[in-house]
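S.K.: Below is a structure I'd like to ask you about.
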Amino acid sequence: MEFSIKSSDLGKDSYDCLVVGVFTASETSSQLSNAAQALDVLSGGYIARMIQQGDMTGKLESTVMLHHIPNLPSQRVLLVGLGKQEDFTEKSYIKAIKAAVKALNQGAISQALICLAEISVQSQPLHWKIARLVETIADVTYKFDAIKKKDADAEKNCKKSIEALHINISQVSDIKLAEVAMAEGMALAKGVSLAKDLGNLPPNVCTPTYLANQAQALANQYGFKVEVLEREAIAQLGMGSFLGVTQGSDEPPKLIVMQHLKGQNDQKPVVLVGKGITFDTGGISLKPGAEMDEMKYDMCGAASVIGTFKTIAELNLPLNVIGIIPTCENMPSGRATRPGDVLTSMSGLTIEVLNTDAEGRLILCDALTYAERFEPSAVIDIATLTGACVIALGAHASGLFSNNDALAKQLLNAGETALDRAWHMPMWDDYQPQLDSNFADMANIGGRAAGSITAACFLSRFTKKYDWAHLDIAGTAWKSGKEKGGTGRPVPLLTAFLQARIQAK
Ligand code: BES
Ligand code: MN
Ligand code: ZN
């Protein structure tokens with residue numbers, strides 16, 4: 001999909017389709033957006049008559065396709081309902097865009113001019129509106145067909161699909177600004193799409209080795225530094241906890257370290273740590289069979305780190321960012337860790353493994369200790385860590401835990417800006433005793449109560465030396481059911497967080 005910015009004369013320029021918004025009638029505001037108003041004038045009241053007939057009420061997400069409007073060089077006009085003007089929020093803006101794309105995809109349309117970014121969305125600046133527009137369109141037009149057999153005939157007979165979308169803005173003087181915003185939206189879309197791809201790939205393809213190769217390829221493409229530590233190096237570091245998880249699997253584990261160093265030399269880096277379990281069977285504490293295939297998504301934390309690296313590399317973000325990805329499988333076998341085994345982590349703390357299915361924290365704790373060597377300004381780990389987080393927050397928000405309230409606030413704000421929200425969960429010391437063990441410094445599980453909190457408490461024992469936050473993305477990283485697929489979250493949140501750190505400097 002090609003995007004471009006235009007400041008079009010709707011009476012002169014010709015497109016396959018113009019996309020304009022219409023509000024629901026209310027006493028205080030006009031129904032027609034500025035673009036719809038302009039078309040109405042050009043066509044001698046055609047749009048207003050349509051509305052009078054009751055063919056378009058302006059209901060949010062409704063659409064009507066009009067053809068061959070008088071005095072208009074463009075062949076079609078798509079009216080998109082926006083709801084009441086006074087209720088028009090960021091969410092409605094996104095919904096309207098999605099509805100428009102859906103309608104455009106039904107016709108034989110290969111290029112269109114979208115006049116939605118001109119509409120006021122609360123107090124959001126043009127930059128935000130353009131970036132979100134591009135990102136949303138890329139999100140809804142994403143397809144994962146890399147591993148389906150190509151059907152040449154079907155492809156030939158296939159109706160036209162949209163190739164180019166032009167984004168209309170009202171002021172010519174804003175073109176430069178709008179193009180920057182568009183580039184930002186496209187960079188984000190690339191990172192999100194990569195994160196989705198990695199999540200969607202089957203676990204026999206997307207192995208730890210595959211993830212390491214992807215990181216390597218990305219580093220080569222953009223010229224950043226990457227290091228892949230193999231089992232021997234991992235053992236040398238004393239990562240007994242990480243090794244305890246991988247030991248049941250025939251796939252070799254990897255510790256991937258990526259370095260985007262585009263900030264000043266003396267600027268302390270932000271470290272992103274992503275859980276990279278490429279398949280989670282539960283190990284000896286084997287999971288039940290239902291939906292077990294979805295545990296291929298247990299590397300979505302890692303995917304979000306790799307995706308974010310793609311985005312910030314595209315943007316050439318002037319910041320120092322380190323990505324650390326511990327990646328392996330969690331499999332049962334004669335060599336697998338047993339419930340009751342005690343592992344010694346890199347930090348020296350010992351862990352009694354009471355449930356081999358609580359493996360994410362076991363690989364993360366060693367990666368979090370490893371993060372110390374970078375003298376970070378902040379460390380964020382991202383992990384599909386607990387089913388309990390899905391029960392608490394569902395698919396709408398990622399769980400956020402932190403040992404620093406200011407950092408938590410920055411992440412919450414980033415989530416709001418990016419429409420990729422997180423919710424701040426408590427991590428009071430009161431929960432810590434649930435991890436007590438009679439045989440080691442701690443157990444790896446804390447019982448059923450507050451499962452996502454005790455998981456965060458476990459990690460907090462390895463993050464005392466720096467400001468740290470943990471994002472539990474178990475509910476947000478992928479969708480189940482008919483629309484099963486990776487979401488690319490929280491690449492938008494992480495990107496917004498990193499961008500805000502530059503502005504703050
Ligand atoms: N990867 C899972 C968490 C998960 C489960 C994410 C379902 C999304 C959907 C994690 O490794 C796990 O198995 N956690 C256990 C922890 C428990 C044994 C304390 C869980 O949530 O059941
Ligand atoms: Mn597990
Ligand atoms: Zn897991």
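Identifiers in the structure tokens: chain A, B, ... in order shown; residue index from 1 per chain; ligand index from 1 in order shown.
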Tell me, counting only C-alpha atoms and all ligand atoms, for each residue of chain A within 6 Å of ligand 1, which pair of atoms is nearest and how far apart they are in Å to one decimal, in rows ordered by chain and increasing number, as JSON lines.

M.R.:
{"residue": "A:Gly282", "atom": "CA", "partner": "ligand 1", "partner_atom_place_in_ligand_line": "13 (O)", "distance": 6.0}
{"residue": "A:Asp298", "atom": "CA", "partner": "ligand 1", "partner_atom_place_in_ligand_line": "1 (N)", "distance": 5.3}
{"residue": "A:Asn355", "atom": "CA", "partner": "ligand 1", "partner_atom_place_in_ligand_line": "18 (C)", "distance": 5.7}
{"residue": "A:Asp357", "atom": "CA", "partner": "ligand 1", "partner_atom_place_in_ligand_line": "13 (O)", "distance": 4.5}
{"residue": "A:Ala358", "atom": "CA", "partner": "ligand 1", "partner_atom_place_in_ligand_line": "16 (C)", "distance": 4.3}
{"residue": "A:Glu359", "atom": "CA", "partner": "ligand 1", "partner_atom_place_in_ligand_line": "11 (O)", "distance": 5.3}
{"residue": "A:Gly360", "atom": "CA", "partner": "ligand 1", "partner_atom_place_in_ligand_line": "11 (O)", "distance": 5.1}
{"residue": "A:Thr384", "atom": "CA", "partner": "ligand 1", "partner_atom_place_in_ligand_line": "6 (C)", "distance": 4.9}
{"residue": "A:Leu385", "atom": "CA", "partner": "ligand 1", "partner_atom_place_in_ligand_line": "3 (C)", "distance": 4.6}
{"residue": "A:Thr386", "atom": "CA", "partner": "ligand 1", "partner_atom_place_in_ligand_line": "21 (O)", "distance": 3.5}
{"residue": "A:Gly387", "atom": "CA", "partner": "ligand 1", "partner_atom_place_in_ligand_line": "21 (O)", "distance": 3.6}
{"residue": "A:Ala388", "atom": "CA", "partner": "ligand 1", "partner_atom_place_in_ligand_line": "21 (O)", "distance": 5.5}
{"residue": "A:Ile445", "atom": "CA", "partner": "ligand 1", "partner_atom_place_in_ligand_line": "19 (C)", "distance": 5.0}
{"residue": "A:Ala474", "atom": "CA", "partner": "ligand 1", "partner_atom_place_in_ligand_line": "8 (C)", "distance": 4.2}

S.K.: Give the residue list for ligand 3 at 12 Å, counting only C-alpha atoms and all ligand atoms, as a count of residues only, sorted by chain and then by residue number.

M.R.: 47

S.K.: So that I can check the surroundings of A:Ser377, please list as a PDB file with C-alpha atoms, in the first residue's frame every protein, DNA and RNA residue that reaches within 7 Å of it, counting only C-alpha atoms and ignoring chain neighbours fewer than 3 positions away.

M.R.:
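Below is the file that was written, part.pdb:
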ATOM      1  CA  LYS A 268      22.057   5.697  29.499  1.00  0.00           C
ATOM      2  CA  PRO A 269      20.025   3.265  27.396  1.00  0.00           C
ATOM      3  CA  VAL A 270      16.476   2.043  27.692  1.00  0.00           C
ATOM      4  CA  ASP A 467      13.954   1.549  37.289  1.00  0.00           C
TER       5      ASP A 467
END

S.K.: What is the distance between atom CA of A:Ile94 and atom CA of A:Lys129, in Å to one decimal?

M.R.: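 Result for atom CA of A:Ile94 versus atom CA of A:Lys129: 9.5 Å, one decimal.
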
S.K.: Hey, what does DSSP flag as strand (DSSP E or B) within stretch 179-273 of chain A? Can you give it to me as a list of chain:residue names?

M.R.: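 Selecting the strand (DSSP E or B) positions of stretch 179-273 of chain A gives A:Lys225, A:Val226, A:Glu227, A:Val228, A:Leu229, A:Lys254, A:Leu255, A:Ile256, A:Val257, A:Met258, A:Gln259, A:His260, A:Leu261, A:Val270, A:Val271, A:Leu272, A:Val273.
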
S.K.: With C-alpha atoms kept, could you save the residues just selected as a PDB file, in the first residue's frame?

M.R.:
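Result written to out29.pdb:
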ATOM      1  CA  LYS A 225      24.701  -4.140  16.407  1.00  0.00           C
ATOM      2  CA  VAL A 226      23.442  -7.604  17.307  1.00  0.00           C
ATOM      3  CA  GLU A 227      24.932 -10.457  19.265  1.00  0.00           C
ATOM      4  CA  VAL A 228      23.527 -13.965  19.593  1.00  0.00           C
ATOM      5  CA  LEU A 229      24.696 -15.970  22.592  1.00  0.00           C
ATOM      6  CA  LYS A 254      19.495 -18.238  22.103  1.00  0.00           C
ATOM      7  CA  LEU A 255      20.078 -15.029  23.980  1.00  0.00           C
ATOM      8  CA  ILE A 256      19.667 -12.237  21.435  1.00  0.00           C
ATOM      9  CA  VAL A 257      21.121  -8.816  22.239  1.00  0.00           C
ATOM     10  CA  MET A 258      20.359  -5.921  19.881  1.00  0.00           C
ATOM     11  CA  GLN A 259      21.814  -2.439  20.237  1.00  0.00           C
ATOM     12  CA  HIS A 260      20.312   0.652  18.627  1.00  0.00           C
ATOM     13  CA  LEU A 261      22.846   3.306  19.662  1.00  0.00           C
ATOM     14  CA  VAL A 270      16.476   2.043  27.692  1.00  0.00           C
ATOM     15  CA  VAL A 271      16.552  -1.745  27.778  1.00  0.00           C
ATOM     16  CA  LEU A 272      13.646  -3.770  26.345  1.00  0.00           C
ATOM     17  CA  VAL A 273      13.476  -7.420  27.399  1.00  0.00           C
TER      18      VAL A 273
END
